[in-house]
Amino acid sequence: MGIKVKVLGRGTYEIEYRNGMRVSDVFKKLGLLSTEYVAVRNGEVLIEDEKVNDGDELVLYAVVSGG
Amino acid sequence: MVKCSICGRRAVYTSRTSGHSYCNRHFTDYFSKKVRRTIRKYQLFRPNDHIIVAVSGGKDSLALLHFLKKLSRYSPRWKITALLVDEGISGYRDITIKRFQEIVSDLAINYEIVSFKEELGYTLDQVVSSKHGKEYLPCTYCGVFRRYLLNKAARKIGGTVVATAHNLDDIIQTYIMNIIGNDWDKIIRLAPISGPATHPRLVRKVKPFYEILEKETTVYAIINNLYTGFEECPYARLSLRWYIRRWLNELEEKRPGTKYAILNSLLSILDILSKKTNLSLNEEIDTCIFCGEPSANPICRACDLKTRLSSIELNPDAHKRIDELKHLFTNKYRILPITKQHYTT
Ligand SMILES: [Zn+2]
Ligand SMILES: [Zn+2]
């Protein structure tokens with residue numbers, strides 16, 4: 001199934017799920033800094049240590065905005 | 001599942017410096033305590049203040065508006081007005097104004113909008129694409145005109161204080177930029193509260209989010225439904241700030257706590273600078289000879305930029321002569337507070 005990640009302002013990406021995967025791994029996979037994005041699943045904010053599941057849909061909100 | 005260090009519910013935020021995790025509710029408490037501590041420590045507000053919240057339309061300023069509105073329950077004599085400066089950046093500003101109006105209406109807050117177009121005669125897009133608008137980066141024009149109009153409009157509305165949503169990240173980025181520029185007189189202005197120099201037409205400025213990380217304002221905005229979608233200013237990537245921000249974020253990722261350490265460095269230098277005797281912080285602020293607004297120089301930055309943008313065709317010699325005159329005039333009335341040291345190889 002994999003994980004669907006919508007990065008606001010960038011686009012949508014599909015990444016492969018691996019056992020024990022965490023939000024921080026999703027950031028790494030996409031080359032993003034955890035200081036620059038906040039991950040949300042079903043309207044709930046996730047911390048970087050939170051585990052993700054196969055089939056999850058995440059929305060990443062940019063911390064960096066233009067003002 | 002990572003649990004809240006206080007109540008054990010699912011965590012939405014972990015402070016990487018303290019190691020504490022917080023659920024929705026306890027994150028709000030943590031956030032609120034931090035901002036209230038800043039407000040108290042630097043005495044940002046008075047009981048009868050008419051607070052003008054400078055709103056850009058982005059998550060940080062909407063979070064500030066939301067936060068101060070909630071806090072005003074404990075300060076019944078406060079009056080709050082939201083003030084949006086419309087720079088006239090097409091495709092960016094149009095979207096945020098609509099969302100801004102929805103949010104102020106939800107929060108039952110009065111608002112005002114001032115625009116570059118109406119107040120200066122041109123939008124930022126027009127400035128940047130004009131013949132003389134290439135001298136500086138867009139962010140310079142935008143920053144100078146925004147600050148200028150913010151003060152002017154806040155005063156007209158009857159505001160006693162302007163609250164801006166500058167967060168810890170914004171402040172340390174500016175600090176680093178000014179270190180690079182050797183601009184110590186600008187660093188003095190990075191305190192949580194403006195002053196002590198005053199001018200009858202200058203409204204006091206405060207930064208309640210001084211000790212709040214940008215990541216924290218983002219979480220606050222998301223859980224309070226204030227995140228308006230991602231709109232990046234189309235000019236943002238042209239600025240030095242953009243590189244410094246990236247560099248600081250990479251550093252923070254590898255060495256959590258770096259940002260707080262830089263803020264502490266800034267607070268130390270502010271303390272040192274305030275004690276430096278040849279730095280007359282209490283000196284009277286000048287009045288611009290063109291527009292009558294408060295200014296660090298006899299001609300304010302906004303009027304200076306406006307004359308440079310002037311459509312009057314002057315030959316290069318005339319421009320040079322004007323610069324010389326400005327320089328002469330400036331030096332006659334103002335002694336630079338700090339002698340810049342220049343190291344040359
Ligand atoms: Zn809790
Ligand atoms: Zn002026």
# chains A, B, ... in the order shown; residues from 1 in each chain; ligands from 1
>>> residues_near_ligand(ligand="ligand 1", cutoff="6 Å", atoms="only C-alpha atoms and all ligand atoms", output="mmCIF file with C-alpha atoms, in the first residue's frame")
data_model
loop_
_atom_site.group_PDB
_atom_site.id
_atom_site.type_symbol
_atom_site.label_atom_id
_atom_site.label_comp_id
_atom_site.auth_asym_id
_atom_site.auth_seq_id
_atom_site.Cartn_x
_atom_site.Cartn_y
_atom_site.Cartn_z
ATOM 1 C CA CYS B 4 2.113 13.527 27.133
ATOM 2 C CA ILE B 6 1.864 15.396 32.134
ATOM 3 C CA CYS B 7 -1.338 13.434 31.517
ATOM 4 C CA GLY B 8 -0.363 10.449 29.378
ATOM 5 C CA ARG B 9 -2.595 11.305 26.404
ATOM 6 C CA TYR B 22 2.668 17.478 25.383
ATOM 7 C CA CYS B 23 -0.856 16.525 24.328
ATOM 8 C CA ARG B 25 -4.284 20.579 25.903
ATOM 9 C CA HIS B 26 -0.925 20.627 27.636
#
>>> closest_atom_pairs(of="chain B", to="chain A", cutoff="10 Å", atoms="only C-alpha atoms", output="JSON lines")
{"residue": "B:Met1", "atom": "CA", "partner": "A:Glu50", "partner_atom": "CA", "distance": 5.9}
{"residue": "B:Val2", "atom": "CA", "partner": "A:Glu50", "partner_atom": "CA", "distance": 6.3}
{"residue": "B:Lys3", "atom": "CA", "partner": "A:Glu50", "partner_atom": "CA", "distance": 9.8}
{"residue": "B:Arg10", "atom": "CA", "partner": "A:Leu46", "partner_atom": "CA", "distance": 8.9}
{"residue": "B:Ala11", "atom": "CA", "partner": "A:Ile47", "partner_atom": "CA", "distance": 6.9}
{"residue": "B:Val12", "atom": "CA", "partner": "A:Val45", "partner_atom": "CA", "distance": 5.3}
{"residue": "B:Tyr13", "atom": "CA", "partner": "A:Ile47", "partner_atom": "CA", "distance": 5.5}
{"residue": "B:Thr14", "atom": "CA", "partner": "A:Ile47", "partner_atom": "CA", "distance": 6.7}
{"residue": "B:Ser21", "atom": "CA", "partner": "A:Ile47", "partner_atom": "CA", "distance": 8.8}
{"residue": "B:Tyr22", "atom": "CA", "partner": "A:Ile47", "partner_atom": "CA", "distance": 9.7}
{"residue": "B:Cys23", "atom": "CA", "partner": "A:Val45", "partner_atom": "CA", "distance": 9.5}
{"residue": "B:Asn24", "atom": "CA", "partner": "A:Val45", "partner_atom": "CA", "distance": 8.6}
{"residue": "B:Val55", "atom": "CA", "partner": "A:Gly67", "partner_atom": "CA", "distance": 9.4}
{"residue": "B:Ser56", "atom": "CA", "partner": "A:Gly67", "partner_atom": "CA", "distance": 6.4}
{"residue": "B:Gly57", "atom": "CA", "partner": "A:Gly67", "partner_atom": "CA", "distance": 8.1}
{"residue": "B:Gly58", "atom": "CA", "partner": "A:Gly67", "partner_atom": "CA", "distance": 6.1}
{"residue": "B:Lys59", "atom": "CA", "partner": "A:Ser65", "partner_atom": "CA", "distance": 8.0}
{"residue": "B:Asp60", "atom": "CA", "partner": "A:Gly67", "partner_atom": "CA", "distance": 7.9}
{"residue": "B:Ser61", "atom": "CA", "partner": "A:Gly67", "partner_atom": "CA", "distance": 8.6}
{"residue": "B:Tyr92", "atom": "CA", "partner": "A:Gly66", "partner_atom": "CA", "distance": 9.5}
{"residue": "B:Ala165", "atom": "CA", "partner": "A:Gly67", "partner_atom": "CA", "distance": 9.2}
{"residue": "B:His166", "atom": "CA", "partner": "A:Gly67", "partner_atom": "CA", "distance": 9.0}
{"residue": "B:Asp169", "atom": "CA", "partner": "A:Val64", "partner_atom": "CA", "distance": 9.7}
{"residue": "B:Asp170", "atom": "CA", "partner": "A:Gly67", "partner_atom": "CA", "distance": 9.3}
{"residue": "B:Leu213", "atom": "CA", "partner": "A:Thr35", "partner_atom": "CA", "distance": 9.5}
{"residue": "B:Glu214", "atom": "CA", "partner": "A:Val63", "partner_atom": "CA", "distance": 6.3}
{"residue": "B:Lys215", "atom": "CA", "partner": "A:Val63", "partner_atom": "CA", "distance": 5.6}
{"residue": "B:Glu216", "atom": "CA", "partner": "A:Val63", "partner_atom": "CA", "distance": 8.7}
{"residue": "B:Thr217", "atom": "CA", "partner": "A:Val63", "partner_atom": "CA", "distance": 8.3}
{"residue": "B:Thr218", "atom": "CA", "partner": "A:Val63", "partner_atom": "CA", "distance": 5.8}
{"residue": "B:Val219", "atom": "CA", "partner": "A:Val38", "partner_atom": "CA", "distance": 7.1}
{"residue": "B:Ile222", "atom": "CA", "partner": "A:Val45", "partner_atom": "CA", "distance": 7.9}
{"residue": "B:Ile223", "atom": "CA", "partner": "A:Val45", "partner_atom": "CA", "distance": 7.6}
{"residue": "B:Tyr227", "atom": "CA", "partner": "A:Tyr61", "partner_atom": "CA", "distance": 8.5}
{"residue": "B:Gly229", "atom": "CA", "partner": "A:Leu8", "partner_atom": "CA", "distance": 7.1}
{"residue": "B:Phe230", "atom": "CA", "partner": "A:Gly9", "partner_atom": "CA", "distance": 5.4}
{"residue": "B:Glu231", "atom": "CA", "partner": "A:Ser65", "partner_atom": "CA", "distance": 6.8}
{"residue": "B:Glu232", "atom": "CA", "partner": "A:Gly66", "partner_atom": "CA", "distance": 4.5}
{"residue": "B:Cys233", "atom": "CA", "partner": "A:Gly66", "partner_atom": "CA", "distance": 4.6}
{"residue": "B:Pro234", "atom": "CA", "partner": "A:Gly66", "partner_atom": "CA", "distance": 8.0}
{"residue": "B:Tyr235", "atom": "CA", "partner": "A:Gly66", "partner_atom": "CA", "distance": 8.4}
{"residue": "B:Ala236", "atom": "CA", "partner": "A:Gly66", "partner_atom": "CA", "distance": 6.0}
{"residue": "B:Arg237", "atom": "CA", "partner": "A:Gly66", "partner_atom": "CA", "distance": 9.0}
{"residue": "B:Trp242", "atom": "CA", "partner": "A:Val64", "partner_atom": "CA", "distance": 9.5}
{"residue": "B:Arg245", "atom": "CA", "partner": "A:Val64", "partner_atom": "CA", "distance": 8.6}
{"residue": "B:Arg246", "atom": "CA", "partner": "A:Glu36", "partner_atom": "CA", "distance": 8.7}
{"residue": "B:Leu248", "atom": "CA", "partner": "A:Thr35", "partner_atom": "CA", "distance": 9.5}
{"residue": "B:Asn249", "atom": "CA", "partner": "A:Thr35", "partner_atom": "CA", "distance": 5.9}
{"residue": "B:Glu250", "atom": "CA", "partner": "A:Leu33", "partner_atom": "CA", "distance": 7.1}
{"residue": "B:Leu251", "atom": "CA", "partner": "A:Thr35", "partner_atom": "CA", "distance": 9.8}
{"residue": "B:Glu252", "atom": "CA", "partner": "A:Thr35", "partner_atom": "CA", "distance": 7.4}
{"residue": "B:Glu253", "atom": "CA", "partner": "A:Thr35", "partner_atom": "CA", "distance": 6.5}
{"residue": "B:Pro256", "atom": "CA", "partner": "A:Thr35", "partner_atom": "CA", "distance": 9.8}
>>> residues_around(residues="Thr12 (chain A)", least_positions_apart="5", cutoff="10 Å", atoms="only C-alpha atoms", output="number ranges by chain")
A: 4-7, 58-60
>>> residues_around(residues="region 65-77 of chain B", least_positions_apart="5", cutoff="8 Å", atoms="only C-alpha atoms", output="JSON, numbers by chain")
{"B": [32, 47, 48, 49, 53, 55, 82, 107]}
>>> write_last_selection(atoms="N, CA, C and O atoms", output="PDB file, in the first residue's frame")
ATOM      1  N   SER B  32       1.099  28.889  26.112  1.00  0.00           N
ATOM      2  CA  SER B  32       0.532  30.061  26.782  1.00  0.00           C
ATOM      3  C   SER B  32       1.430  30.541  27.926  1.00  0.00           C
ATOM      4  O   SER B  32       1.662  31.741  28.083  1.00  0.00           O
ATOM      5  N   PRO B  47      -2.565  47.752  31.347  1.00  0.00           N
ATOM      6  CA  PRO B  47      -3.977  47.365  31.498  1.00  0.00           C
ATOM      7  C   PRO B  47      -4.947  48.081  30.547  1.00  0.00           C
ATOM      8  O   PRO B  47      -5.971  47.528  30.174  1.00  0.00           O
ATOM      9  N   ASN B  48      -4.602  49.335  30.149  1.00  0.00           N
ATOM     10  CA  ASN B  48      -5.530  50.088  29.296  1.00  0.00           C
ATOM     11  C   ASN B  48      -5.134  50.114  27.826  1.00  0.00           C
ATOM     12  O   ASN B  48      -5.625  50.943  27.071  1.00  0.00           O
ATOM     13  N   ASP B  49      -4.227  49.240  27.442  1.00  0.00           N
ATOM     14  CA  ASP B  49      -3.712  49.299  26.078  1.00  0.00           C
ATOM     15  C   ASP B  49      -4.774  49.065  25.000  1.00  0.00           C
ATOM     16  O   ASP B  49      -5.672  48.235  25.169  1.00  0.00           O
ATOM     17  N   VAL B  53      -2.773  44.522  16.491  1.00  0.00           N
ATOM     18  CA  VAL B  53      -2.037  43.322  16.111  1.00  0.00           C
ATOM     19  C   VAL B  53      -1.728  43.400  14.610  1.00  0.00           C
ATOM     20  O   VAL B  53      -2.636  43.471  13.789  1.00  0.00           O
ATOM     21  N   VAL B  55      -1.083  42.012  11.315  1.00  0.00           N
ATOM     22  CA  VAL B  55      -1.378  40.708  10.747  1.00  0.00           C
ATOM     23  C   VAL B  55      -0.879  40.635   9.304  1.00  0.00           C
ATOM     24  O   VAL B  55      -1.177  41.511   8.489  1.00  0.00           O
ATOM     25  N   ALA B  82      -7.142  44.300  14.696  1.00  0.00           N
ATOM     26  CA  ALA B  82      -6.223  43.624  13.776  1.00  0.00           C
ATOM     27  C   ALA B  82      -5.935  44.567  12.614  1.00  0.00           C
ATOM     28  O   ALA B  82      -6.849  45.197  12.089  1.00  0.00           O
ATOM     29  N   LEU B 107     -13.475  35.524  15.415  1.00  0.00           N
ATOM     30  CA  LEU B 107     -12.944  35.909  16.721  1.00  0.00           C
ATOM     31  C   LEU B 107     -13.606  37.180  17.263  1.00  0.00           C
ATOM     32  O   LEU B 107     -13.319  37.598  18.383  1.00  0.00           O
TER      33      LEU B 107
END
>>> residues_near_ligand(ligand="ligand 2", cutoff="10 Å", atoms="only C-alpha atoms and all ligand atoms", output="mmCIF file with all heavy atoms, in the first residue's frame")
data_model
loop_
_atom_site.group_PDB
_atom_site.id
_atom_site.type_symbol
_atom_site.label_atom_id
_atom_site.label_comp_id
_atom_site.auth_asym_id
_atom_site.auth_seq_id
_atom_site.Cartn_x
_atom_site.Cartn_y
_atom_site.Cartn_z
ATOM 1 N N TYR B 148 6.736 51.403 8.131
ATOM 2 C CA TYR B 148 6.317 52.800 8.041
ATOM 3 C C TYR B 148 4.791 52.918 8.133
ATOM 4 O O TYR B 148 4.255 53.650 8.959
ATOM 5 C CB TYR B 148 6.829 53.350 6.710
ATOM 6 C CG TYR B 148 6.506 54.784 6.417
ATOM 7 C CD1 TYR B 148 7.232 55.811 7.000
ATOM 8 C CD2 TYR B 148 5.482 55.114 5.520
ATOM 9 C CE1 TYR B 148 6.958 57.133 6.711
ATOM 10 C CE2 TYR B 148 5.194 56.434 5.219
ATOM 11 C CZ TYR B 148 5.936 57.441 5.818
ATOM 12 O OH TYR B 148 5.662 58.744 5.531
ATOM 13 N N THR B 287 12.677 63.548 13.292
ATOM 14 C CA THR B 287 11.425 63.634 12.551
ATOM 15 C C THR B 287 11.787 63.826 11.087
ATOM 16 O O THR B 287 12.613 64.675 10.763
ATOM 17 C CB THR B 287 10.596 64.833 13.050
ATOM 18 O OG1 THR B 287 10.304 64.629 14.437
ATOM 19 C CG2 THR B 287 9.299 64.968 12.279
ATOM 20 N N CYS B 288 11.200 63.044 10.231
ATOM 21 C CA CYS B 288 11.516 63.130 8.803
ATOM 22 C C CYS B 288 11.106 64.497 8.261
ATOM 23 O O CYS B 288 9.982 64.944 8.468
ATOM 24 C CB CYS B 288 10.804 62.011 8.048
ATOM 25 S SG CYS B 288 10.960 62.134 6.267
ATOM 26 N N ILE B 289 12.032 65.151 7.568
ATOM 27 C CA ILE B 289 11.731 66.495 7.058
ATOM 28 C C ILE B 289 10.711 66.455 5.915
ATOM 29 O O ILE B 289 10.087 67.448 5.600
ATOM 30 C CB ILE B 289 13.005 67.242 6.578
ATOM 31 C CG1 ILE B 289 13.774 66.384 5.566
ATOM 32 C CG2 ILE B 289 13.890 67.622 7.757
ATOM 33 C CD1 ILE B 289 14.741 67.196 4.729
ATOM 34 N N PHE B 290 10.533 65.300 5.306
ATOM 35 C CA PHE B 290 9.572 65.186 4.205
ATOM 36 C C PHE B 290 8.160 64.888 4.690
ATOM 37 O O PHE B 290 7.212 65.537 4.296
ATOM 38 C CB PHE B 290 10.003 64.087 3.223
ATOM 39 C CG PHE B 290 11.163 64.461 2.343
ATOM 40 C CD1 PHE B 290 11.852 63.491 1.632
ATOM 41 C CD2 PHE B 290 11.572 65.787 2.221
ATOM 42 C CE1 PHE B 290 12.929 63.830 0.813
ATOM 43 C CE2 PHE B 290 12.643 66.134 1.405
ATOM 44 C CZ PHE B 290 13.317 65.157 0.709
ATOM 45 N N CYS B 291 8.046 63.869 5.548
ATOM 46 C CA CYS B 291 6.702 63.390 5.870
ATOM 47 C C CYS B 291 6.314 63.605 7.332
ATOM 48 O O CYS B 291 5.154 63.400 7.696
ATOM 49 C CB CYS B 291 6.568 61.908 5.519
ATOM 50 S SG CYS B 291 7.560 60.845 6.568
ATOM 51 N N GLY B 292 7.264 64.000 8.159
ATOM 52 C CA GLY B 292 6.933 64.259 9.560
ATOM 53 C C GLY B 292 6.816 63.028 10.433
ATOM 54 O O GLY B 292 6.483 63.123 11.612
ATOM 55 N N GLU B 293 7.111 61.861 9.848
ATOM 56 C CA GLU B 293 7.045 60.632 10.640
ATOM 57 C C GLU B 293 8.354 60.447 11.426
ATOM 58 O O GLU B 293 9.394 60.995 11.043
ATOM 59 C CB GLU B 293 6.836 59.427 9.706
ATOM 60 C CG GLU B 293 5.446 59.359 9.087
ATOM 61 C CD GLU B 293 4.351 59.130 10.113
ATOM 62 O OE1 GLU B 293 4.431 58.150 10.868
ATOM 63 O OE2 GLU B 293 3.417 59.952 10.169
ATOM 64 N N PRO B 294 8.313 59.671 12.507
ATOM 65 C CA PRO B 294 9.546 59.419 13.258
ATOM 66 C C PRO B 294 10.579 58.702 12.383
ATOM 67 O O PRO B 294 10.221 57.885 11.547
ATOM 68 C CB PRO B 294 9.098 58.516 14.408
ATOM 69 C CG PRO B 294 7.744 58.046 14.063
ATOM 70 C CD PRO B 294 7.152 59.010 13.103
ATOM 71 N N SER B 295 11.836 59.046 12.593
ATOM 72 C CA SER B 295 12.867 58.500 11.727
ATOM 73 C C SER B 295 14.219 58.511 12.436
ATOM 74 O O SER B 295 14.472 59.358 13.277
ATOM 75 C CB SER B 295 12.937 59.352 10.458
ATOM 76 O OG SER B 295 14.128 59.112 9.764
ATOM 77 N N ASN B 297 16.901 59.081 10.857
ATOM 78 C CA ASN B 297 17.656 60.101 10.134
ATOM 79 C C ASN B 297 16.729 61.261 9.783
ATOM 80 O O ASN B 297 15.518 61.108 9.812
ATOM 81 C CB ASN B 297 18.216 59.515 8.836
ATOM 82 C CG ASN B 297 19.205 58.406 9.117
ATOM 83 O OD1 ASN B 297 20.217 58.631 9.761
ATOM 84 N ND2 ASN B 297 18.875 57.208 8.674
ATOM 85 N N PRO B 298 17.305 62.409 9.384
ATOM 86 C CA PRO B 298 16.429 63.528 8.995
ATOM 87 C C PRO B 298 15.504 63.184 7.828
ATOM 88 O O PRO B 298 14.452 63.789 7.677
ATOM 89 C CB PRO B 298 17.422 64.618 8.609
ATOM 90 C CG PRO B 298 18.671 64.291 9.350
ATOM 91 C CD PRO B 298 18.729 62.791 9.387
ATOM 92 N N ILE B 299 15.911 62.235 7.005
ATOM 93 C CA ILE B 299 15.009 61.754 5.958
ATOM 94 C C ILE B 299 14.740 60.290 6.263
ATOM 95 O O ILE B 299 15.674 59.503 6.394
ATOM 96 C CB ILE B 299 15.641 61.892 4.551
ATOM 97 C CG1 ILE B 299 15.906 63.373 4.244
ATOM 98 C CG2 ILE B 299 14.739 61.281 3.481
ATOM 99 C CD1 ILE B 299 16.778 63.602 3.025
ATOM 100 N N CYS B 300 13.472 59.926 6.409
ATOM 101 C CA CYS B 300 13.184 58.544 6.802
ATOM 102 C C CYS B 300 13.461 57.585 5.642
ATOM 103 O O CYS B 300 13.515 57.980 4.483
ATOM 104 C CB CYS B 300 11.755 58.403 7.322
ATOM 105 S SG CYS B 300 10.485 58.377 6.058
ATOM 106 N N ARG B 301 13.602 56.318 5.992
ATOM 107 C CA ARG B 301 13.917 55.293 4.985
ATOM 108 C C ARG B 301 12.830 55.209 3.914
ATOM 109 O O ARG B 301 13.121 55.029 2.736
ATOM 110 C CB ARG B 301 14.075 53.928 5.669
ATOM 111 C CG ARG B 301 15.386 53.743 6.376
ATOM 112 C CD ARG B 301 16.522 53.401 5.425
ATOM 113 N NE ARG B 301 16.563 52.002 5.036
ATOM 114 C CZ ARG B 301 17.015 51.558 3.868
ATOM 115 N NH1 ARG B 301 17.423 52.407 2.961
ATOM 116 N NH2 ARG B 301 17.038 50.262 3.599
ATOM 117 N N ALA B 302 11.577 55.361 4.343
ATOM 118 C CA ALA B 302 10.473 55.257 3.386
ATOM 119 C C ALA B 302 10.558 56.396 2.369
ATOM 120 O O ALA B 302 10.441 56.174 1.164
ATOM 121 C CB ALA B 302 9.138 55.273 4.115
ATOM 122 N N CYS B 303 10.788 57.631 2.855
ATOM 123 C CA CYS B 303 10.890 58.769 1.934
ATOM 124 C C CYS B 303 12.136 58.651 1.071
ATOM 125 O O CYS B 303 12.131 59.012 -0.106
ATOM 126 C CB CYS B 303 10.882 60.091 2.705
ATOM 127 S SG CYS B 303 9.240 60.485 3.333
ATOM 128 N N ASP B 304 13.208 58.134 1.665
ATOM 129 C CA ASP B 304 14.437 57.937 0.905
ATOM 130 C C ASP B 304 14.181 56.983 -0.264
ATOM 131 O O ASP B 304 14.510 57.283 -1.407
ATOM 132 C CB ASP B 304 15.525 57.378 1.844
ATOM 133 C CG ASP B 304 16.850 57.182 1.139
ATOM 134 O OD1 ASP B 304 17.193 58.030 0.282
ATOM 135 O OD2 ASP B 304 17.540 56.195 1.419
ATOM 136 N N LEU B 305 13.517 55.849 0.026
ATOM 137 C CA LEU B 305 13.217 54.891 -1.041
ATOM 138 C C LEU B 305 12.253 55.491 -2.057
ATOM 139 O O LEU B 305 12.383 55.274 -3.256
ATOM 140 C CB LEU B 305 12.631 53.593 -0.461
ATOM 141 C CG LEU B 305 13.588 52.692 0.325
ATOM 142 C CD1 LEU B 305 12.877 51.423 0.774
ATOM 143 C CD2 LEU B 305 14.811 52.312 -0.505
ATOM 144 N N LYS B 306 11.295 56.292 -1.550
ATOM 145 C CA LYS B 306 10.320 56.898 -2.458
ATOM 146 C C LYS B 306 11.013 57.856 -3.444
ATOM 147 O O LYS B 306 10.658 57.885 -4.616
ATOM 148 C CB LYS B 306 9.230 57.637 -1.671
ATOM 149 C CG LYS B 306 8.079 56.700 -1.283
ATOM 150 C CD LYS B 306 7.221 57.249 -0.184
ATOM 151 C CE LYS B 306 6.241 58.296 -0.657
ATOM 152 N NZ LYS B 306 5.377 58.749 0.476
#
>>> atom_distance(atom1="CA of Phe45 (chain B)", atom2="CA of Ile113 (chain B)")
23.2 Å
>>> atom_distance(atom1="CA of Asp271 (chain B)", atom2="CA of Ile188 (chain B)")
9.4 Å
>>> select_by_dssp(residues="chain A", states="alpha helix (DSSP H)", output="ChimeraX atom specification")
/A:23-29
>>> write_last_selection(atoms="C-alpha atoms", output="PDB file, in the first residue's frame")
ATOM      1  CA  VAL A  23       7.301  10.227  11.101  1.00  0.00           C
ATOM      2  CA  SER A  24      10.988  11.171  11.255  1.00  0.00           C
ATOM      3  CA  ASP A  25      11.749   8.451   8.669  1.00  0.00           C
ATOM      4  CA  VAL A  26       9.102   9.912   6.360  1.00  0.00           C
ATOM      5  CA  PHE A  27      10.815  13.317   6.641  1.00  0.00           C
ATOM      6  CA  LYS A  28      14.205  11.753   5.875  1.00  0.00           C
ATOM      7  CA  LYS A  29      12.833   9.824   2.911  1.00  0.00           C
TER       8      LYS A  29
END
>>> select_by_dssp(residues="chain A", states="strand (DSSP E)", output="PyMOL selection string")
chain A and resi 3-7+11-15+37-41+44-46+57-62
>>> closest_residue(among="A:Gly55, A:Gly20, A:Gly11, A:Gly2", to="Arg41 (chain A)", atoms="only C-alpha atoms")
A:Gly55
>>> atom_distance(atom1="CA of Lys117 (chain B)", atom2="CA of Leu84 (chain B)")
13.5 Å
>>> decode(residues="region 254-259 of chain B", atoms="all heavy atoms", output="PDB file, in the first residue's frame")
ATOM      1  N   LYS B 254      20.534  19.042  13.950  1.00  0.00           N
ATOM      2  CA  LYS B 254      21.703  18.285  14.414  1.00  0.00           C
ATOM      3  C   LYS B 254      22.021  18.572  15.871  1.00  0.00           C
ATOM      4  O   LYS B 254      22.470  17.716  16.599  1.00  0.00           O
ATOM      5  CB  LYS B 254      22.922  18.606  13.552  1.00  0.00           C
ATOM      6  CG  LYS B 254      22.806  17.990  12.174  1.00  0.00           C
ATOM      7  CD  LYS B 254      24.056  18.211  11.334  1.00  0.00           C
ATOM      8  CE  LYS B 254      23.799  17.850   9.887  1.00  0.00           C
ATOM      9  NZ  LYS B 254      23.580  19.040   9.044  1.00  0.00           N
ATOM     10  N   ARG B 255      21.826  19.817  16.277  1.00  0.00           N
ATOM     11  CA  ARG B 255      22.141  20.218  17.646  1.00  0.00           C
ATOM     12  C   ARG B 255      20.973  20.950  18.268  1.00  0.00           C
ATOM     13  O   ARG B 255      20.960  22.189  18.300  1.00  0.00           O
ATOM     14  CB  ARG B 255      23.367  21.143  17.645  1.00  0.00           C
ATOM     15  CG  ARG B 255      24.614  20.520  17.051  1.00  0.00           C
ATOM     16  CD  ARG B 255      25.790  21.450  17.174  1.00  0.00           C
ATOM     17  NE  ARG B 255      26.014  21.845  18.560  1.00  0.00           N
ATOM     18  CZ  ARG B 255      27.209  22.111  19.070  1.00  0.00           C
ATOM     19  NH1 ARG B 255      28.279  22.038  18.301  1.00  0.00           N
ATOM     20  NH2 ARG B 255      27.343  22.454  20.315  1.00  0.00           N
ATOM     21  N   PRO B 256      19.969  20.188  18.763  1.00  0.00           N
ATOM     22  CA  PRO B 256      18.794  20.848  19.346  1.00  0.00           C
ATOM     23  C   PRO B 256      19.220  21.817  20.446  1.00  0.00           C
ATOM     24  O   PRO B 256      20.109  21.511  21.236  1.00  0.00           O
ATOM     25  CB  PRO B 256      17.982  19.688  19.921  1.00  0.00           C
ATOM     26  CG  PRO B 256      18.448  18.480  19.190  1.00  0.00           C
ATOM     27  CD  PRO B 256      19.888  18.722  18.843  1.00  0.00           C
ATOM     28  N   GLY B 257      18.591  22.983  20.460  1.00  0.00           N
ATOM     29  CA  GLY B 257      18.944  23.968  21.475  1.00  0.00           C
ATOM     30  C   GLY B 257      19.759  25.115  20.897  1.00  0.00           C
ATOM     31  O   GLY B 257      19.946  26.140  21.546  1.00  0.00           O
ATOM     32  N   THR B 258      20.249  24.936  19.672  1.00  0.00           N
ATOM     33  CA  THR B 258      21.052  25.989  19.028  1.00  0.00           C
ATOM     34  C   THR B 258      20.295  27.309  18.958  1.00  0.00           C
ATOM     35  O   THR B 258      20.837  28.374  19.231  1.00  0.00           O
ATOM     36  CB  THR B 258      21.457  25.542  17.602  1.00  0.00           C
ATOM     37  OG1 THR B 258      22.253  24.366  17.705  1.00  0.00           O
ATOM     38  CG2 THR B 258      22.258  26.620  16.882  1.00  0.00           C
ATOM     39  N   LYS B 259      19.009  27.230  18.610  1.00  0.00           N
ATOM     40  CA  LYS B 259      18.229  28.463  18.441  1.00  0.00           C
ATOM     41  C   LYS B 259      18.093  29.223  19.756  1.00  0.00           C
ATOM     42  O   LYS B 259      18.243  30.446  19.791  1.00  0.00           O
ATOM     43  CB  LYS B 259      16.855  28.150  17.852  1.00  0.00           C
ATOM     44  CG  LYS B 259      16.924  27.706  16.400  1.00  0.00           C
ATOM     45  CD  LYS B 259      15.556  27.386  15.845  1.00  0.00           C
ATOM     46  CE  LYS B 259      15.661  26.901  14.405  1.00  0.00           C
ATOM     47  NZ  LYS B 259      14.333  26.560  13.862  1.00  0.00           N
TER      48      LYS B 259
END
